[in-house]
Amino acid sequence: MDPVVPAEVTTELTQILSNLVLGDNDIRTNAEKAVNERLAQSPELYLLALAQFSTSADTEVMRSFSLVLLRRLLFRSSPTYRVSLYDHLSSQSLSTLERLLLHSLLHEQVAVVRRKAVDTICDLANNSMARGRPWHALQAQSFSMAASPDAGARESAYGVFSGSPNLIIDLQAESVITVLQKGLQDPQSVDVRLAALNASVAYLSAFDIPQQAQVLSLMYPMLNTLPSVPHSHLPTFLSTLTPLASSHPVLFQPHLPALLRFLPALIVPTVDAGPTPTVARPNPGAGGSSFTFPPALTSGNGKGKAPETEADEEEEEVRKAALEFMISLSEAKPSMVKRANDWTAVVVRGCLEGMGELPEDDTDIWLEADPSEDPTDDDYPHVYEQSLDRLACALGGKAVLPPAFQYIPGMLASHDWRLRHAGLMAIAAIAEGTNKVMQHELGKVVDLVTPMFVDPHPRVRFAACQCIGQLCTDLEEVIQEQYHQQLFNALIPTLEAPEPRVHAHAAAALINFCEGVERETLLPYLDPIVERLLKLLNPGSTDTSKQPKRYVQEQVITTLAMVADASEATFAKHYAAIMPLLLNVLQNANSPEYRKLRVKAMECAGLIAIAVGRDIFRADAETFIQLLMRIQNSPLDPGDTMLTHYLIATWAKVCQAMGPEFEPYLPVVMPPLLLAANAKADVSIFDEDEQVEEKDGWETISMDGQQVGIKTSAIEEKCQAFETLVIYCSTLNARFAPYLTQSLELVLQSLKFYFHEGVREACALLIPMLLSCGKNSGTLTVQMVTATFSQLVNCIGTETDCSFLASLYKCFADSIRVLGGPSALSPEFHDGVIEATKRQLQMLADKRKARASRPSTDLTDDREDLMLLEEMEDFALEDMAKLLAVFDPSHPLLMAVSSVRDLGMQLSQWDSEDEGGNES
């Protein structure tokens with residue numbers, strides 16, 4: 001191909017690009033600077049030079065690099081022109097650029113470079129079409145390449161269709177399907193078939209559901225790629241189909257029987273499904289074989305142990321990909337898969353078998369490991385446990401419990417500890433999703449689990465603790481109230497288990513138990529629990545080999561805190577034995593390895609102080625506070641990410657324990673607290689299609705066509721600061737007055753902090769307390785009241801989140817009551833909130849009418865979400881009515897509120913246990 005830029009430009013660019021790929025930072029930095037300078041001076045010339053370089057460079061590395069760089073630069077905004085470099089190119093330059101890239105696509109022989117060319121070309125095509133510039137030459141060349149005798153050319157063509165489906169979306173469906181089907185059935189190349197499958201998924205995904213009828217025939221050849229593909233390629237093919245299963249599950253409905261003839265043998269390898277049928281036309285004689293359980297641990301490839309050979313690893317990847325496909329389809333359309341015979345049973349069986357595959361020889365390593373640094377965790381079959389959890393949450397108890405408990409009792413009775421372990425972990429995994437049904441069978445479940453606490457194998461006893469702990473969370477209050485005797489009789493002796501991993505986990509399970517227990521239920525067991533926990537914390541032995549491991553100490557202190565919180569004042573009898581130990585930790589545990597132990601001791605001491613009350617705590621209060629002040633004033637350890645959070649939380653607990661006596665310490669605690677409350681959101685903005693790197697402490701959300709990265713750790717700290725202000729202000733009331741002005745200013749600013757609902761909720765809760773503080777201390781001003789109601793009216797007029805809307809109305813009503821009634825509110829704010837309420841009522845009415853008009857079949861899988869949404873709307877309406885009643889018990893808008901409430905879909909009348917709703 002003839003050069004399109006002068007030779008000296010090509011020579012210069014060759015040197016620059018060569019420097020860019022070097023490891024020397026200085027050379028690379030200078031090369032980057034040179035690129036930016038050339039693009040600023042002559043963007044057309046150097047972009048074309050870069051495109052030409054992708055076809056003429058001697059090495060595949062440099063051709064690939066030029067394509068990647070071109071893709072990155074084309075749509076980057078230019079500081080000089082304030083638009084992307086692409087937008088600055090002339091029509092002639094764009095045509096030349098397209099011609100160069102098409103040449104690269106057609107003539108490049110190296111597969112890895114071809115794929116980079118496809119990526120760059122698709123990016124250019126998509127952005128060009130979005131700007132109203134169709135690329136007809138690319139469309140024509142791609143169709144021509146799809147018929148090429150060269151497999152590489154065919155693969156590239158389907159890669160273009162996949163990356164830029166708009167090239168084919170408006171063409172006659174029959175001709176597009178013919179081309180895609182030809183690729184799906186390519187007799188020579190698996191890579192071509194995979195590229196065609198990707199293109200088919202992109203093509204179908206681009207259609208709306210009503211438009212899909214004309215292209216449904218494509219599903220048969222797409223699914224028929226699975227039985228014929230080499231086993232090693234199955235994970236990739238299944239993973240390609242999985243996003244389509246999540247986004248358009250109804251496309252798979254006609255094919256469920258055929259899939260059920262193919263998939264079970266992949267996720268339950270011990271099942272011999274007979275001859276592999278085609279998906280399009282399944283062999284009517286190929287029935288499913290009977291399942292036997294437990295499987296023979298020596299059969300199949302490596303059953304009952306982690307994969308050891310390359311073949312085992314390949315088989316494992318196939319299983320995981322098939323399982324993810326089935327789980328994703330189950331989550332996307334629960335009512336559909338529940339009607340498919342054996343679908344749920346197959347997935348449950350596959351998960352249970354996978355969970356039973358633990359390495360036999362890891363036990364000693366597991367016993368010695370710190371739970372946070374456990375090397376055996378890499379071998380644990382997390383994917384099967386998580387899949388079972390996801391399935392239960394998607395399908396519910398009526399679908400999942402029967403097949404699960406077809407196997408679990410046999411697993412718990414197995415001679416193999418791994419199956420006993422898996423059975424217990426399976427109960428824990430399904431508890432959340434099946435709790436509505438499981439609670440009716442809870443006695444049988446408890447009877448199955450509690451004997452496992454005396455199992456000879458430590459990992460089984462550990463799993464029993466995990467199981468009970470999870471049940472206490474997912475069936476909170478029910479299991480504690482009805483089965484506390486059985487659970488305590490199992491858990492308390494396990495605190496004396498010889499293995500640290502086991503007795504620490506028993507202590508952890510007690511936390512879950514205490515979070516949902518009534519005080520009277522806990523009291524008979526308080527003494528034996530505390531005695532055993534104290535023994536673990538302070539065994540009284542001088543033998544260092546018998547000293548508790550640090551993670552055990554951390555867990556015991558955490559459990560003591562929860563037990564104290566649950567038992568309240570009754571815990572006072574144990575105060576003298578525990579508080580000195582905690583103060584000793586705070587005094588002496590200063591080195592980095594004790595960071596977690598120290599903050600846990602702070603938390604525990606604070607909770608115990610609240611439980612026993614100020615009279616008992618007073619003797620140690622000054623010592624504890626001086627230790628907290630010393631910690632707060634110490635140089636900040638960059639590695640101690642937990643300290644600030646725990647300090648703020650502990651100061652709040654001390655305030656609750658001491659009540660008015662805490663006032664002298666406000667100058668110590670308020671400056672850092674106000675600083676945390678005033679923190680700004682640390683936000684990064686990304687383009688919608690930009691690949692965002694996952695970072696700890698950051699969360700990415702979509703907002704207004706962009707991806708917004710938010711540093712969640714700082715926002716959580718801001719939320720905690722406002723929640724702590726609630727505690728200080730409610731506890732101290734008028735004594736909080738010196739900080740009223742600063743706090744109210746921060747609160748009013750943060751009512752519209754949309755990055756965190758908790759911040760806004762705390763602010764709404766705090767406003768009436770601050771007004772009360774000001775009124776009772778005589779420091780409340782007219783300006784404060786005016787600013788407060790002005791912001792509240794503004795928020796009510798714009799806020800659409802129903803949960804926070806309810807909080808705003810409650811805040812408004814409580815604030816009026818604090819100030820002495822409606823007469824304290826000026827007509828301006830009264831009229832403003834009434835007008836805002838009318839708008840809110842209209843919006844709620846429109847939403848409810850729109851939902852009511854949806855076909856019932858569309859609502860089946862959204863039932864839980866809709867029930868929650870309508871419940872939140874009802875809360876908002878209820879608080880709206882309470883505010884109106886404060887103005888006038890017969891306010892005319894009260895009837896409108898009642899009418900909007902009546903527009904609800906009454907989803908609560910649906911059978912709450914029929915997860916999935918009416919499936920007729």
# chains A, B, ... in the order shown; residues from 1 in each chain; ligands from 1

call {"tool": "residues_around", "arguments": {"residues": "region 551-555 of chain A", "least_positions_apart": "4", "cutoff": "10 Å", "atoms": "only C-alpha atoms", "output": "PyMOL selection string"}}
result
chain A and resi 370-372+500-508+511+533-534+536-538+547+559-561+594+596-601

call {"tool": "residues_around", "arguments": {"residues": "Cys122 (chain A)", "least_positions_apart": "6", "cutoff": "12 Å", "atoms": "only C-alpha atoms", "output": "list in words"}}
result
Leu67, Arg71, Glu98, Leu101, Leu102, Leu105, Arg115, Lys116, Ser128, Met129, Trp135, Leu138, Gln139, Ser142, Ser156, Ala157, Tyr158, Gly159, Val160, Phe161, Ser162, Gly163, Ser164, Pro165, Asn166 and Leu167 of chain A

call {"tool": "residues_around", "arguments": {"residues": "region 416-433 of chain A", "least_positions_apart": "5", "cutoff": "9 Å", "atoms": "only C-alpha atoms", "output": "VMD selection string"}}
result
chain A and resid 294 304 351 to 360 385 to 397 400 to 401 404 to 405 407 to 411 438 445 449 452 455 to 457 459 to 464 466 to 471 473 to 475

call {"tool": "select_by_dssp", "arguments": {"residues": "region 852-908 of chain A", "states": "helix (DSSP H, G or I)", "output": "VMD selection string"}}
result
chain A and resid 852 856 to 887 893 to 902 907 to 908

call {"tool": "write_last_selection", "arguments": {"atoms": "N, CA and C atoms", "output": "short mmCIF file (atom, residue, chain, number, x, y, z; two decimals), in the first residue's frame"}}
result
data_model
loop_
_atom_site.label_atom_id
_atom_site.label_comp_id
_atom_site.auth_asym_id
_atom_site.auth_seq_id
_atom_site.Cartn_x
_atom_site.Cartn_y
_atom_site.Cartn_z
N ALA A 852 -49.56 -0.89 37.65
CA ALA A 852 -50.81 -1.65 37.62
C ALA A 852 -51.21 -2.03 36.21
N SER A 856 -49.62 -9.24 34.18
CA SER A 856 -49.22 -9.98 35.40
C SER A 856 -48.03 -10.89 35.13
N THR A 857 -47.89 -11.36 33.89
CA THR A 857 -46.76 -12.24 33.57
C THR A 857 -45.43 -11.51 33.68
N ASP A 858 -45.46 -10.17 33.47
CA ASP A 858 -44.23 -9.38 33.57
C ASP A 858 -43.83 -9.16 35.02
N LEU A 859 -44.78 -9.34 35.93
CA LEU A 859 -44.52 -9.01 37.33
C LEU A 859 -44.00 -10.18 38.14
N THR A 860 -44.12 -11.39 37.58
CA THR A 860 -43.82 -12.59 38.36
C THR A 860 -42.44 -12.55 38.99
N ASP A 861 -41.43 -12.32 38.18
CA ASP A 861 -40.06 -12.39 38.69
C ASP A 861 -39.65 -11.14 39.47
N ASP A 862 -40.46 -10.06 39.35
CA ASP A 862 -40.14 -8.81 40.05
C ASP A 862 -40.95 -8.65 41.33
N ARG A 863 -41.66 -9.69 41.73
CA ARG A 863 -42.61 -9.55 42.84
C ARG A 863 -41.95 -9.02 44.10
N GLU A 864 -40.82 -9.61 44.50
CA GLU A 864 -40.15 -9.19 45.73
C GLU A 864 -39.74 -7.73 45.66
N ASP A 865 -39.15 -7.33 44.53
CA ASP A 865 -38.70 -5.94 44.38
C ASP A 865 -39.89 -4.99 44.41
N LEU A 866 -40.98 -5.37 43.75
CA LEU A 866 -42.16 -4.50 43.72
C LEU A 866 -42.80 -4.37 45.09
N MET A 867 -42.81 -5.47 45.83
CA MET A 867 -43.36 -5.41 47.19
C MET A 867 -42.55 -4.44 48.05
N LEU A 868 -41.22 -4.52 47.93
CA LEU A 868 -40.37 -3.62 48.72
C LEU A 868 -40.57 -2.18 48.29
N LEU A 869 -40.67 -1.95 46.98
CA LEU A 869 -40.85 -0.60 46.47
C LEU A 869 -42.17 0.00 46.97
N GLU A 870 -43.23 -0.78 46.88
CA GLU A 870 -44.53 -0.27 47.33
C GLU A 870 -44.56 -0.08 48.85
N GLU A 871 -43.82 -0.90 49.57
CA GLU A 871 -43.74 -0.72 51.01
C GLU A 871 -43.05 0.61 51.34
N MET A 872 -41.98 0.93 50.61
CA MET A 872 -41.30 2.20 50.81
C MET A 872 -42.21 3.37 50.46
N GLU A 873 -42.98 3.23 49.38
CA GLU A 873 -43.93 4.29 49.01
C GLU A 873 -45.00 4.47 50.08
N ASP A 874 -45.46 3.36 50.65
CA ASP A 874 -46.46 3.45 51.72
C ASP A 874 -45.92 4.18 52.94
N PHE A 875 -44.64 3.92 53.26
CA PHE A 875 -44.02 4.63 54.39
C PHE A 875 -44.01 6.14 54.10
N ALA A 876 -43.64 6.51 52.87
CA ALA A 876 -43.62 7.92 52.50
C ALA A 876 -45.01 8.54 52.61
N LEU A 877 -46.01 7.80 52.12
CA LEU A 877 -47.39 8.30 52.20
C LEU A 877 -47.85 8.43 53.64
N GLU A 878 -47.46 7.48 54.48
CA GLU A 878 -47.84 7.52 55.89
C GLU A 878 -47.26 8.75 56.58
N ASP A 879 -45.96 9.03 56.34
CA ASP A 879 -45.35 10.19 56.98
C ASP A 879 -45.84 11.50 56.36
N MET A 880 -46.18 11.44 55.08
CA MET A 880 -46.78 12.60 54.43
C MET A 880 -48.11 12.95 55.12
N ALA A 881 -48.92 11.91 55.38
CA ALA A 881 -50.21 12.12 56.04
C ALA A 881 -50.02 12.66 57.46
N LYS A 882 -49.01 12.17 58.17
CA LYS A 882 -48.77 12.66 59.54
C LYS A 882 -48.41 14.14 59.55
N LEU A 883 -47.62 14.58 58.57
CA LEU A 883 -47.28 16.00 58.50
C LEU A 883 -48.52 16.83 58.20
N LEU A 884 -49.32 16.37 57.23
CA LEU A 884 -50.53 17.11 56.90
C LEU A 884 -51.46 17.20 58.11
N ALA A 885 -51.53 16.12 58.89
CA ALA A 885 -52.38 16.13 60.10
C ALA A 885 -51.87 17.10 61.14
N VAL A 886 -50.55 17.33 61.16
CA VAL A 886 -50.00 18.34 62.08
C VAL A 886 -50.55 19.73 61.71
N PHE A 887 -50.65 20.00 60.39
CA PHE A 887 -51.22 21.27 59.93
C PHE A 887 -52.72 21.35 60.22
N LEU A 893 -55.76 17.40 51.57
CA LEU A 893 -54.84 16.51 50.86
C LEU A 893 -54.78 15.11 51.47
N LEU A 894 -55.32 14.94 52.67
CA LEU A 894 -55.31 13.61 53.29
C LEU A 894 -56.10 12.61 52.46
N MET A 895 -57.18 13.08 51.83
CA MET A 895 -57.96 12.20 50.97
C MET A 895 -57.16 11.79 49.74
N ALA A 896 -56.38 12.74 49.22
CA ALA A 896 -55.53 12.42 48.06
C ALA A 896 -54.48 11.38 48.43
N VAL A 897 -53.90 11.51 49.64
CA VAL A 897 -52.93 10.53 50.10
C VAL A 897 -53.57 9.15 50.16
N SER A 898 -54.77 9.08 50.69
CA SER A 898 -55.47 7.79 50.79
C SER A 898 -55.75 7.20 49.41
N SER A 899 -56.09 8.06 48.46
CA SER A 899 -56.38 7.58 47.10
C SER A 899 -55.14 7.01 46.44
N VAL A 900 -54.02 7.68 46.62
CA VAL A 900 -52.77 7.18 46.04
C VAL A 900 -52.39 5.85 46.69
N ARG A 901 -52.59 5.74 48.00
CA ARG A 901 -52.29 4.48 48.67
C ARG A 901 -53.15 3.34 48.10
N ASP A 902 -54.40 3.63 47.77
CA ASP A 902 -55.29 2.61 47.22
C ASP A 902 -54.90 2.17 45.82
N LEU A 907 -49.64 -6.30 46.39
CA LEU A 907 -48.80 -7.47 46.16
C LEU A 907 -48.67 -8.32 47.41
N SER A 908 -48.89 -7.70 48.55
CA SER A 908 -48.74 -8.47 49.79
C SER A 908 -49.79 -9.56 49.90
#

call {"tool": "residues_around", "arguments": {"residues": "region 53-59 of chain A", "least_positions_apart": "6", "cutoff": "10 Å", "atoms": "only C-alpha atoms", "output": "PyMOL selection string"}}
result
chain A and resi 1+3+10-11+13-14+17+47+65-68+70+100-105+107-108+113+116-117
